[in-house]
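Containing CSV, C-alpha atoms: input-v1.csv.
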chain,number,residue,atom,x,y,z
M,590,MET,CA,95.0,87.7,137.2
M,591,THR,CA,94.2,89.7,134.2
M,592,SER,CA,95.1,88.6,130.7
M,593,PRO,CA,97.4,90.8,128.6
M,594,GLU,CA,95.8,93.2,126.1
M,595,THR,CA,96.5,91.9,122.6
M,596,LYS,CA,93.7,93.5,120.6
M,597,LYS,CA,94.5,96.5,118.5
M,598,LYS,CA,93.1,99.6,120.1
M,599,GLU,CA,91.0,102.0,118.1
M,600,ASP,CA,92.9,105.0,119.5
M,601,LYS,CA,96.3,103.6,118.6
M,602,LYS,CA,98.4,106.1,116.7
M,603,PRO,CA,101.1,105.0,114.2
M,604,ILE,CA,104.8,105.7,114.7
M,605,LYS,CA,105.7,109.1,113.2
M,606,LYS,CA,109.4,109.3,113.6
M,607,MET,CA,112.3,106.9,114.3
M,608,MET,CA,115.5,108.4,115.8
M,609,LEU,CA,118.3,105.8,115.6
M,610,ILE,CA,121.6,106.0,117.4
M,611,LEU,CA,124.4,104.0,115.8
M,612,SER,CA,127.4,103.5,118.2
M,613,LYS,CA,129.1,100.5,116.6
M,614,ALA,CA,131.0,99.9,113.4
M,615,THR,CA,130.5,96.2,112.9
M,616,ILE,CA,128.8,95.5,109.6
M,617,ASP,CA,125.8,93.7,111.2
M,618,ASN,CA,125.0,96.6,113.5
M,619,VAL,CA,125.5,99.2,110.7
M,620,TYR,CA,123.1,97.3,108.4
M,621,ALA,CA,120.5,96.7,111.1
M,622,CYS,CA,120.5,100.5,111.6
M,623,PHE,CA,120.3,101.3,107.9
M,624,ILE,CA,117.6,98.8,107.2
M,625,LEU,CA,115.5,100.1,110.1
M,626,ALA,CA,115.9,103.7,108.9
M,627,ASN,CA,115.2,102.9,105.3
M,628,GLY,CA,112.3,100.6,106.3
M,629,ALA,CA,110.8,103.5,108.2
M,630,ARG,CA,110.9,105.8,105.2
M,631,MET,CA,109.4,103.1,103.0
M,632,GLU,CA,106.4,103.1,105.4
M,633,GLY,CA,106.1,106.9,105.3
M,634,ILE,CA,107.7,107.2,108.8
M,635,GLU,CA,110.4,110.0,109.3
M,636,SER,CA,113.8,108.7,110.2
M,637,GLU,CA,117.1,110.2,111.5
M,638,ILE,CA,120.4,108.5,112.4
M,639,PHE,CA,122.9,109.9,115.0
M,640,PHE,CA,126.3,108.4,114.4
M,641,THR,CA,128.4,108.3,117.6
M,642,PHE,CA,131.5,106.6,118.9
M,643,PHE,CA,132.5,103.8,116.5
M,644,GLY,CA,129.3,104.4,114.5
M,645,LEU,CA,131.2,107.3,113.0
M,646,GLU,CA,133.2,104.9,110.9
M,647,ALA,CA,130.1,104.1,108.9
M,648,ILE,CA,130.1,107.7,107.6
M,649,THR,CA,133.9,108.2,107.4
M,650,LYS,CA,134.7,108.3,103.6
M,651,LYS,CA,137.9,106.2,103.9
M,652,LYS,CA,136.5,103.6,106.2
M,653,LEU,CA,132.9,103.0,105.3
M,654,GLU,CA,133.6,100.3,102.6
M,655,HIS,CA,136.0,98.5,104.9
M,656,LEU,CA,133.7,97.6,107.8
M,657,HIS,CA,134.0,94.1,109.2
M,658,VAL,CA,131.9,91.5,111.0
M,659,ALA,CA,133.3,90.5,114.4
M,660,THR,CA,134.6,86.9,114.4
M,661,VAL,CA,135.9,87.1,118.0
M,662,GLY,CA,133.5,87.5,120.9
M,663,ASN,CA,130.5,86.9,118.6
M,664,PRO,CA,128.8,83.7,119.6
M,665,GLY,CA,126.4,84.0,116.6
M,666,MET,CA,129.3,83.3,114.2
M,667,HIS,CA,129.9,79.8,115.7
M,668,ILE,CA,133.6,80.1,115.1
M,669,PRO,CA,135.9,79.1,118.1
M,670,THR,CA,137.5,82.3,119.5
M,671,LEU,CA,141.0,81.0,118.8
M,672,LEU,CA,140.2,80.5,115.1
M,673,GLY,CA,138.3,83.7,114.9
M,674,GLY,CA,141.4,85.6,115.9
M,675,LEU,CA,143.5,84.2,113.0
M,676,PRO,CA,144.7,86.6,110.4
M,677,GLY,CA,142.3,87.0,107.5
M,678,MET,CA,139.5,85.4,109.4
M,679,GLU,CA,137.5,88.6,109.7
M,680,ALA,CA,138.0,89.5,106.1
M,681,PHE,CA,136.9,86.0,105.0
M,682,ALA,CA,133.7,86.1,107.1
M,683,THR,CA,133.0,89.7,106.0
M,684,ASN,CA,133.3,88.8,102.3
M,685,MET,CA,131.0,85.8,102.8
M,686,MET,CA,128.4,88.0,104.4
M,687,LYS,CA,128.7,90.7,101.7
M,688,SER,CA,128.2,88.2,98.9
M,689,GLU,CA,125.1,86.9,100.6
M,690,MET,CA,123.8,90.4,101.0
M,691,GLU,CA,124.4,91.3,97.4
M,692,LYS,CA,122.3,88.3,96.4
M,693,LEU,CA,119.4,89.8,98.5
M,694,ASP,CA,119.9,93.1,96.7
M,695,ILE,CA,121.2,94.8,99.9
M,696,PRO,CA,123.5,97.6,98.7
M,697,PRO,CA,127.1,98.3,99.9
M,698,VAL,CA,127.5,100.8,102.8
M,699,GLY,CA,128.3,103.8,100.5
M,700,GLU,CA,125.4,103.2,98.2
M,701,PHE,CA,123.1,102.5,101.1
M,702,LEU,CA,123.9,105.9,102.6
M,703,GLU,CA,123.1,107.6,99.3
M,704,ILE,CA,119.7,105.8,99.2
M,705,LEU,CA,119.0,106.9,102.8
M,706,SER,CA,119.8,110.5,102.0
M,707,ALA,CA,117.7,110.5,98.8
M,708,SER,CA,114.9,108.9,100.8
M,709,GLY,CA,114.9,111.8,103.3
M,710,THR,CA,116.6,110.1,106.2
M,711,LYS,CA,118.6,112.7,108.1
M,712,LEU,CA,122.2,111.8,108.8
M,713,TRP,CA,123.9,113.4,111.8
M,714,ALA,CA,127.4,113.1,113.3
M,715,CYS,CA,128.0,113.3,117.1
M,716,LYS,CA,130.1,116.3,118.0
M,717,LEU,CA,131.6,114.8,121.1
M,718,ALA,CA,132.7,111.6,119.4
M,719,MET,CA,134.2,113.6,116.6
M,720,ASP,CA,136.2,115.7,119.1
M,721,MET,CA,137.3,112.5,120.9
M,722,PHE,CA,138.5,110.7,117.8
M,723,HIS,CA,139.9,113.9,116.3
M,724,ILE,CA,137.7,113.5,113.2
M,725,ASN,CA,137.3,116.5,110.9
M,726,GLU,CA,133.9,117.0,109.1
M,727,LYS,CA,135.8,116.9,105.8
M,728,ALA,CA,136.6,113.2,106.4
M,729,LEU,CA,132.8,112.4,106.6
M,730,ILE,CA,130.4,111.8,103.7
M,731,ASP,CA,129.1,114.7,101.6
M,732,ASP,CA,125.5,113.7,102.3
M,733,LEU,CA,125.9,114.4,106.0
M,734,ASP,CA,123.2,116.7,107.2
M,735,GLY,CA,125.3,118.2,110.0
M,736,VAL,CA,127.1,117.8,113.4
M,737,LEU,CA,124.9,117.7,116.5
M,738,THR,CA,125.2,117.4,120.3
M,739,VAL,CA,123.1,115.0,122.2
M,740,GLY,CA,120.9,117.9,123.2
M,741,ASP,CA,120.3,118.9,119.6
M,742,PHE,CA,119.4,115.3,118.8
M,743,TYR,CA,116.8,115.2,121.6
M,744,THR,CA,115.4,118.5,120.5
M,745,ARG,CA,114.9,117.0,117.0
M,746,ALA,CA,113.0,114.0,118.6
M,747,GLN,CA,110.3,116.3,119.8
M,748,GLY,CA,106.7,115.5,119.0
M,749,GLU,CA,104.2,112.7,119.5
M,750,ASN,CA,105.0,109.1,118.6
M,751,THR,CA,108.7,109.5,118.1
M,752,HIS,CA,110.8,106.5,119.0
M,753,LEU,CA,114.5,106.4,119.9
M,754,LEU,CA,116.6,103.3,119.3
M,755,PHE,CA,120.2,102.7,120.4
M,756,ILE,CA,122.2,100.3,118.3
H,197,MET,CA,90.7,87.4,102.8
H,198,ILE,CA,89.6,88.4,99.4
H,199,VAL,CA,87.1,91.2,98.8
H,200,ASP,CA,85.4,92.6,95.7
H,201,LYS,CA,85.7,96.3,95.2
H,202,ILE,CA,84.0,98.5,92.7
H,203,TYR,CA,86.1,101.2,91.0
H,204,GLY,CA,84.1,103.3,88.6
H,205,GLU,CA,82.2,100.8,86.5
H,206,LEU,CA,84.6,97.9,87.2
H,207,CYS,CA,84.5,95.2,89.9
H,208,VAL,CA,87.9,93.9,90.9
H,209,THR,CA,89.1,91.5,93.5
H,210,CYS,CA,91.5,92.8,96.2
H,211,ASN,CA,93.2,91.4,99.2
H,212,GLU,CA,92.4,92.7,102.7
H,213,GLN,CA,95.0,95.5,102.3
H,214,GLY,CA,93.5,96.7,99.1
H,215,TYR,CA,96.0,95.3,96.6
H,216,LEU,CA,94.6,93.8,93.4
H,217,THR,CA,94.9,90.0,93.3
H,218,ASP,CA,94.9,89.8,89.5
H,219,LEU,CA,96.8,92.3,87.4
H,220,ASN,CA,94.7,91.4,84.4
H,221,GLN,CA,91.7,93.1,86.0
H,222,TRP,CA,93.6,96.4,86.1
H,223,THR,CA,92.7,99.3,83.9
H,224,LYS,CA,94.0,102.9,84.0
H,225,ASP,CA,90.6,103.9,85.5
H,226,VAL,CA,91.1,101.5,88.3
H,227,GLY,CA,94.6,102.9,88.9
H,228,LEU,CA,93.1,106.4,89.0
H,229,GLU,CA,90.5,105.5,91.5
H,230,ILE,CA,93.1,103.8,93.8
H,231,ALA,CA,95.3,106.9,93.4
H,232,LYS,CA,92.4,109.0,94.6
H,233,GLU,CA,92.1,106.8,97.7
H,234,GLU,CA,95.8,107.3,98.3
H,235,ASN,CA,95.5,111.1,97.8
H,236,ILE,CA,97.8,111.0,94.8
H,237,VAL,CA,97.2,113.3,91.8
H,238,MET,CA,98.5,111.3,88.8
H,239,THR,CA,100.9,112.9,86.3
H,240,ASP,CA,102.7,111.5,83.3
H,241,LYS,CA,105.7,110.8,85.5
H,242,HIS,CA,103.5,108.8,87.9
H,243,TRP,CA,102.2,106.7,85.0
H,244,ASP,CA,105.8,106.1,83.8
H,245,VAL,CA,106.6,104.5,87.2
H,246,ILE,CA,103.4,102.5,87.1
H,247,ASP,CA,104.2,101.1,83.6
H,248,TYR,CA,107.7,100.2,84.9
H,249,LEU,CA,106.3,98.4,88.0
H,250,GLN,CA,103.8,96.4,85.9
H,251,ASP,CA,106.5,95.5,83.4
H,252,GLN,CA,108.7,94.2,86.2
H,253,CYS,CA,105.9,92.3,87.8
H,254,ARG,CA,105.1,90.5,84.5
H,255,LYS,CA,108.8,89.6,84.3
H,256,GLN,CA,108.5,88.3,87.9
H,257,VAL,CA,111.3,90.6,89.1
H,258,ALA,CA,111.0,91.3,92.9
H,259,LEU,CA,110.9,95.1,93.4
H,260,SER,CA,113.0,97.2,95.7
H,261,ILE,CA,113.7,100.9,96.2
H,262,ARG,CA,117.2,100.2,95.1
H,263,LYS,CA,116.1,98.7,91.8
H,264,ILE,CA,113.7,101.5,91.1
H,265,GLY,CA,116.6,104.0,91.7
H,266,LYS,CA,118.6,102.2,89.1
H,267,SER,CA,115.8,101.8,86.6
H,268,GLY,CA,116.4,105.0,84.8
H,269,VAL,CA,112.7,105.8,85.0
H,270,VAL,CA,112.8,107.8,88.3
H,271,SER,CA,115.4,108.6,90.9
H,272,ILE,CA,114.9,107.6,94.5
H,273,LYS,CA,114.4,111.2,95.5
H,274,GLU,CA,111.8,111.8,92.8
H,275,PHE,CA,110.1,108.5,93.7
H,276,TYR,CA,109.6,109.7,97.2
H,277,GLN,CA,108.3,113.1,95.9
H,278,LEU,CA,105.8,111.4,93.6
H,279,PHE,CA,104.4,109.0,96.2
H,280,PRO,CA,105.1,110.3,99.7
H,281,ASN,CA,104.1,108.3,102.7
H,282,GLY,CA,105.5,105.0,101.4
H,283,PRO,CA,106.4,105.1,97.7
H,284,LEU,CA,106.8,101.4,96.9
H,285,LYS,CA,103.7,100.2,98.7
H,286,ILE,CA,101.5,103.0,97.4
H,287,SER,CA,102.7,102.9,93.8
H,288,SER,CA,102.4,99.1,93.8
H,289,ARG,CA,98.8,99.4,94.9
H,290,ILE,CA,98.0,101.9,92.2
H,291,ALA,CA,99.7,99.6,89.6
H,292,GLY,CA,97.6,96.7,90.6
H,293,ILE,CA,100.5,94.5,91.6
H,294,PRO,CA,101.2,92.6,94.9
H,295,LYS,CA,102.6,94.5,97.9
H,296,PRO,CA,106.4,94.2,97.7
H,297,VAL,CA,108.0,92.2,100.5
H,298,SER,CA,111.4,94.0,100.2
H,299,CYS,CA,112.9,95.8,103.2
H,300,ILE,CA,115.3,97.8,101.0

Show me the file's structure as structure tokens.
Amino acid sequence: MTSPETKKKEDKKPIKKMMLILSKATIDNVYACFILANGARMEGIESEIFFTFFGLEAITKKKLEHLHVATVGNPGMHIPTLLGGLPGMEAFATNMMKSEMEKLDIPPVGEFLEILSASGTKLWACKLAMDMFHINEKALIDDLDGVLTVGDFYTRAQGENTHLLFI
Amino acid sequence: MIVDKIYGELCVTCNEQGYLTDLNQWTKDVGLEIAKEENIVMTDKHWDVIDYLQDQCRKQVALSIRKIGKSGVVSIKEFYQLFPNGPLKISSRIAGIPKPVSCI
């Protein structure tokens, strides 16, 4: 049996570009995506986000500041499903989480999008998901870089050391 | 691991990533030499940012991209233009302060 290679190889090349696909609108997924995209830029790595399906809510002007954490079907919350479904429970858990994030200097969704855009992260909306949910481009944030198909997004991923990540 | 490095006529102590371990050893010449290593040509605007970073470090304020954007010294967009390829870590190295641990 051979032991796994753990040593850093001389010929290893650093990551050049992160292509993130955000398909969910729960606040934990949205922040995971934003922090990965922003963290990449902070390391000098290019980053782009493709917002598809429910991920579109994170760039919909009227919805982006009202995203929630899921209290039902989320074992990480340690709230019994029955209680998690009570009215106001999601809002309560979301406010708790938001106040903890503010303490750590993590910006609200809208401000985070502005930071990403200023940092050079490209923000793309998925054409198919927009058609499906009947979303007009005017409803989306002004900082949006455009509307793409999956094929367009793959084309943008061209080049060595690009990584794609589905969230 | 601590290493001694010579910048110009000065000998300073750095960690293994090349960050100064003591801000008191920093001089503008040391900053210039580190900037050269990072391929940054320093302008007045660059030094404004460095001054701000050192000031925040002395006040023991943890730095983040968000805070720098709100500082009034430089916008986030300008910050990325001044120090491409990782603005916060590169500017901190030139400023002689520890590498920031923030993810934001």

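With only C-alpha atoms taken into account, the protein and nucleic acid residues at most 12 Å from M:Leu693 (excluding it and anything under 5 positions from it in its own chain) are M:Met686, M:Lys687, M:Ser688, H:Ala258, H:Leu259, H:Ser260, H:Arg262, H:Lys263, H:Val297, H:Ser298, H:Cys299, H:Ile300.
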
Could those selected residues go to a file with C-alpha atoms, as a PDB file, in the coordinates of the input?
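Heads up, here's the output in again_6.pdb:
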ATOM      1  CA  MET M 686     128.400  88.000 104.400  1.00  0.00           C
ATOM      2  CA  LYS M 687     128.700  90.700 101.700  1.00  0.00           C
ATOM      3  CA  SER M 688     128.200  88.200  98.900  1.00  0.00           C
TER       4      SER M 688
ATOM      5  CA  ALA H 258     111.000  91.300  92.900  1.00  0.00           C
ATOM      6  CA  LEU H 259     110.900  95.100  93.400  1.00  0.00           C
ATOM      7  CA  SER H 260     113.000  97.200  95.700  1.00  0.00           C
ATOM      8  CA  ARG H 262     117.200 100.200  95.100  1.00  0.00           C
ATOM      9  CA  LYS H 263     116.100  98.700  91.800  1.00  0.00           C
ATOM     10  CA  VAL H 297     108.000  92.200 100.500  1.00  0.00           C
ATOM     11  CA  SER H 298     111.400  94.000 100.200  1.00  0.00           C
ATOM     12  CA  CYS H 299     112.900  95.800 103.200  1.00  0.00           C
ATOM     13  CA  ILE H 300     115.300  97.800 101.000  1.00  0.00           C
TER      14      ILE H 300
END

- Query: What lies within 12 Å of stretch 746-750 of chain M using all atoms listed in the file, ignoring chain neighbours under 5 positions off, as a PyMOL selection string?
  - Reply: chain M and resi 601-610+634-639+711+739-741

C-alpha atoms of the current selection, written as a PDB file, in the coordinates of the input:
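That gives us again-v3.pdb:
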ATOM      1  CA  LYS M 601      96.300 103.600 118.600  1.00  0.00           C
ATOM      2  CA  LYS M 602      98.400 106.100 116.700  1.00  0.00           C
ATOM      3  CA  PRO M 603     101.100 105.000 114.200  1.00  0.00           C
ATOM      4  CA  ILE M 604     104.800 105.700 114.700  1.00  0.00           C
ATOM      5  CA  LYS M 605     105.700 109.100 113.200  1.00  0.00           C
ATOM      6  CA  LYS M 606     109.400 109.300 113.600  1.00  0.00           C
ATOM      7  CA  MET M 607     112.300 106.900 114.300  1.00  0.00           C
ATOM      8  CA  MET M 608     115.500 108.400 115.800  1.00  0.00           C
ATOM      9  CA  LEU M 609     118.300 105.800 115.600  1.00  0.00           C
ATOM     10  CA  ILE M 610     121.600 106.000 117.400  1.00  0.00           C
ATOM     11  CA  ILE M 634     107.700 107.200 108.800  1.00  0.00           C
ATOM     12  CA  GLU M 635     110.400 110.000 109.300  1.00  0.00           C
ATOM     13  CA  SER M 636     113.800 108.700 110.200  1.00  0.00           C
ATOM     14  CA  GLU M 637     117.100 110.200 111.500  1.00  0.00           C
ATOM     15  CA  ILE M 638     120.400 108.500 112.400  1.00  0.00           C
ATOM     16  CA  PHE M 639     122.900 109.900 115.000  1.00  0.00           C
ATOM     17  CA  LYS M 711     118.600 112.700 108.100  1.00  0.00           C
ATOM     18  CA  VAL M 739     123.100 115.000 122.200  1.00  0.00           C
ATOM     19  CA  GLY M 740     120.900 117.900 123.200  1.00  0.00           C
ATOM     20  CA  ASP M 741     120.300 118.900 119.600  1.00  0.00           C
TER      21      ASP M 741
END

Using all atoms listed in the file, which residues of chain H come within 9 Å of chain M, and what is the closest atom pair for each, with the distance in Å to one decimal? Give it as a Markdown table, sorted by chain and residue number.
| residue | atom | partner | partner_atom | distance |
| --- | --- | --- | --- | --- |
| H:Ser260 | CA | M:Asp694 | CA | 8.1 |
| H:Ile261 | CA | M:Ile704 | CA | 8.3 |
| H:Arg262 | CA | M:Ile704 | CA | 7.4 |
| H:Lys263 | CA | M:Asp694 | CA | 8.4 |
| H:Gly265 | CA | M:Ile704 | CA | 8.3 |
| H:Ser271 | CA | M:Ala707 | CA | 8.4 |
| H:Ile272 | CA | M:Ala707 | CA | 5.9 |
| H:Lys273 | CA | M:Ala707 | CA | 4.7 |
| H:Glu274 | CA | M:Ala707 | CA | 8.5 |
| H:Phe275 | CA | M:Ser708 | CA | 8.6 |
| H:Tyr276 | CA | M:Ser708 | CA | 6.5 |
| H:Pro280 | CA | M:Gly633 | CA | 6.6 |
| H:Asn281 | CA | M:Gly633 | CA | 3.6 |
| H:Gly282 | CA | M:Gly633 | CA | 4.4 |
| H:Pro283 | CA | M:Met631 | CA | 6.4 |
| H:Leu284 | CA | M:Met631 | CA | 6.8 |
| H:Lys285 | CA | M:Met631 | CA | 7.7 |
| H:Cys299 | CA | M:Gly628 | CA | 5.7 |
| H:Ile300 | CA | M:Asn627 | CA | 6.7 |

- If you count only C-alpha atoms, which residues fall within 12 Å of M:Ala680, apart from same-chain ones fewer than 3 positions away, as a PyMOL selection string? chain M and resi 616+655-660+673-677+683-687

- Would you kindly return, as a ChimeraX atom specification, each protein, DNA or RNA residue with an atom no farther than 12 Å from any atom of M:Lys652, considering all atoms listed in the file and excluding same-chain residues fewer than 4 positions away? /M:614-616,643-648,656-657,698-699,728-730

- Item | Given all atoms listed in the file as the counted atoms, nearest of M:Ala714, M:Met721, M:Ile668, M:Val736 to M:Thr649 | M:Ala714

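Put simply, atom CA of H:Val270 is 27.6 Å away from atom CA of H:Tyr203.
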
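Atom pair atom CA of H:Val199 / atom CA of H:Asn220: separated by 16.3 Å.
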
- Best match for closeness to H:Arg289 among H:Val269, H:Asp244, H:Val237, H:Gly214, counting all atoms listed in the file: H:Gly214

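Our summary of the geometry notes that atom CA of H:Lys266 is positioned 16.2 Å from atom CA of H:Gln250.
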
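Proximity of H:Cys253, H:Ile246, H:Ile230, H:Ile202 to H:Tyr215, computed with all atoms listed in the file, is greatest for H:Ile230.
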
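Omitting stretch 208-211 of chain H and its sequence neighbours fewer than 4 positions away, and counting all atoms listed in the file, the residues within 9 Å are H:Met197, H:Ile198, H:Val199, H:Asp200, H:Lys201, H:Ile202, H:Tyr203, H:Tyr215, H:Leu216, H:Thr217, H:Asp218, H:Gln221, H:Trp222, H:Val226.
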
- Can you work out which one of H:Glu212, H:Glu205, H:Asp240, H:Glu234 has the shortest atom-to-atom distance to H:Ser288, counting all atoms listed in the file? H:Glu234

Pull C-alpha atoms for stretch 205-262 of chain H from the block and write them as a PDB file, in the first residue's frame.
ATOM      1  CA  GLU H 205      20.721  49.439   5.659  1.00  0.00           C
ATOM      2  CA  LEU H 206      18.285  48.104   8.230  1.00  0.00           C
ATOM      3  CA  CYS H 207      17.926  44.642   9.696  1.00  0.00           C
ATOM      4  CA  VAL H 208      14.359  43.755  10.725  1.00  0.00           C
ATOM      5  CA  THR H 209      12.718  40.610  12.107  1.00  0.00           C
ATOM      6  CA  CYS H 210       9.981  39.018  10.018  1.00  0.00           C
ATOM      7  CA  ASN H 211       7.814  35.931  10.327  1.00  0.00           C
ATOM      8  CA  GLU H 212       8.043  33.134   7.752  1.00  0.00           C
ATOM      9  CA  GLN H 213       5.542  34.938   5.514  1.00  0.00           C
ATOM     10  CA  GLY H 214       7.620  38.097   5.421  1.00  0.00           C
ATOM     11  CA  TYR H 215       5.528  40.211   7.816  1.00  0.00           C
ATOM     12  CA  LEU H 216       7.409  42.389  10.300  1.00  0.00           C
ATOM     13  CA  THR H 217       7.054  41.129  13.860  1.00  0.00           C
ATOM     14  CA  ASP H 218       7.616  44.557  15.411  1.00  0.00           C
ATOM     15  CA  LEU H 219       6.101  47.714  13.940  1.00  0.00           C
ATOM     16  CA  ASN H 220       8.715  49.815  15.810  1.00  0.00           C
ATOM     17  CA  GLN H 221      11.383  48.501  13.447  1.00  0.00           C
ATOM     18  CA  TRP H 222       9.498  49.892  10.454  1.00  0.00           C
ATOM     19  CA  THR H 223      10.764  52.895   8.506  1.00  0.00           C
ATOM     20  CA  LYS H 224       9.554  54.317   5.225  1.00  0.00           C
ATOM     21  CA  ASP H 225      12.618  52.816   3.520  1.00  0.00           C
ATOM     22  CA  VAL H 226      11.712  49.360   4.823  1.00  0.00           C
ATOM     23  CA  GLY H 227       8.194  49.901   3.461  1.00  0.00           C
ATOM     24  CA  LEU H 228       9.620  50.906   0.088  1.00  0.00           C
ATOM     25  CA  GLU H 229      11.822  47.802  -0.093  1.00  0.00           C
ATOM     26  CA  ILE H 230       8.900  45.497   0.765  1.00  0.00           C
ATOM     27  CA  ALA H 231       6.765  47.312  -1.829  1.00  0.00           C
ATOM     28  CA  LYS H 232       9.455  46.564  -4.420  1.00  0.00           C
ATOM     29  CA  GLU H 233       9.252  42.862  -3.524  1.00  0.00           C
ATOM     30  CA  GLU H 234       5.491  43.042  -4.041  1.00  0.00           C
ATOM     31  CA  ASN H 235       5.936  44.905  -7.359  1.00  0.00           C
ATOM     32  CA  ILE H 236       4.110  47.978  -6.079  1.00  0.00           C
ATOM     33  CA  VAL H 237       5.228  51.471  -7.118  1.00  0.00           C
ATOM     34  CA  MET H 238       4.335  53.624  -4.128  1.00  0.00           C
ATOM     35  CA  THR H 239       2.448  56.928  -4.579  1.00  0.00           C
ATOM     36  CA  ASP H 240       1.092  59.434  -2.033  1.00  0.00           C
ATOM     37  CA  LYS H 241      -2.225  57.597  -2.123  1.00  0.00           C
ATOM     38  CA  HIS H 242      -0.461  54.329  -1.230  1.00  0.00           C
ATOM     39  CA  TRP H 243       1.237  56.006   1.750  1.00  0.00           C
ATOM     40  CA  ASP H 244      -2.110  57.424   2.945  1.00  0.00           C
ATOM     41  CA  VAL H 245      -3.389  53.866   3.158  1.00  0.00           C
ATOM     42  CA  ILE H 246      -0.221  52.678   4.929  1.00  0.00           C
ATOM     43  CA  ASP H 247      -0.553  55.512   7.504  1.00  0.00           C
ATOM     44  CA  TYR H 248      -4.150  54.539   8.141  1.00  0.00           C
ATOM     45  CA  LEU H 249      -3.299  50.838   8.559  1.00  0.00           C
ATOM     46  CA  GLN H 250      -0.512  51.577  11.043  1.00  0.00           C
ATOM     47  CA  ASP H 251      -2.765  53.935  12.970  1.00  0.00           C
ATOM     48  CA  GLN H 252      -5.467  51.256  13.232  1.00  0.00           C
ATOM     49  CA  CYS H 253      -2.889  48.668  14.263  1.00  0.00           C
ATOM     50  CA  ARG H 254      -1.615  50.901  17.090  1.00  0.00           C
ATOM     51  CA  LYS H 255      -5.216  51.331  18.246  1.00  0.00           C
ATOM     52  CA  GLN H 256      -5.505  47.520  18.118  1.00  0.00           C
ATOM     53  CA  VAL H 257      -8.431  47.616  15.698  1.00  0.00           C
ATOM     54  CA  ALA H 258      -8.805  44.446  13.598  1.00  0.00           C
ATOM     55  CA  LEU H 259      -8.721  45.348   9.919  1.00  0.00           C
ATOM     56  CA  SER H 260     -11.102  44.267   7.182  1.00  0.00           C
ATOM     57  CA  ILE H 261     -11.859  45.314   3.611  1.00  0.00           C
ATOM     58  CA  ARG H 262     -15.203  46.643   4.851  1.00  0.00           C
TER      59      ARG H 262
END
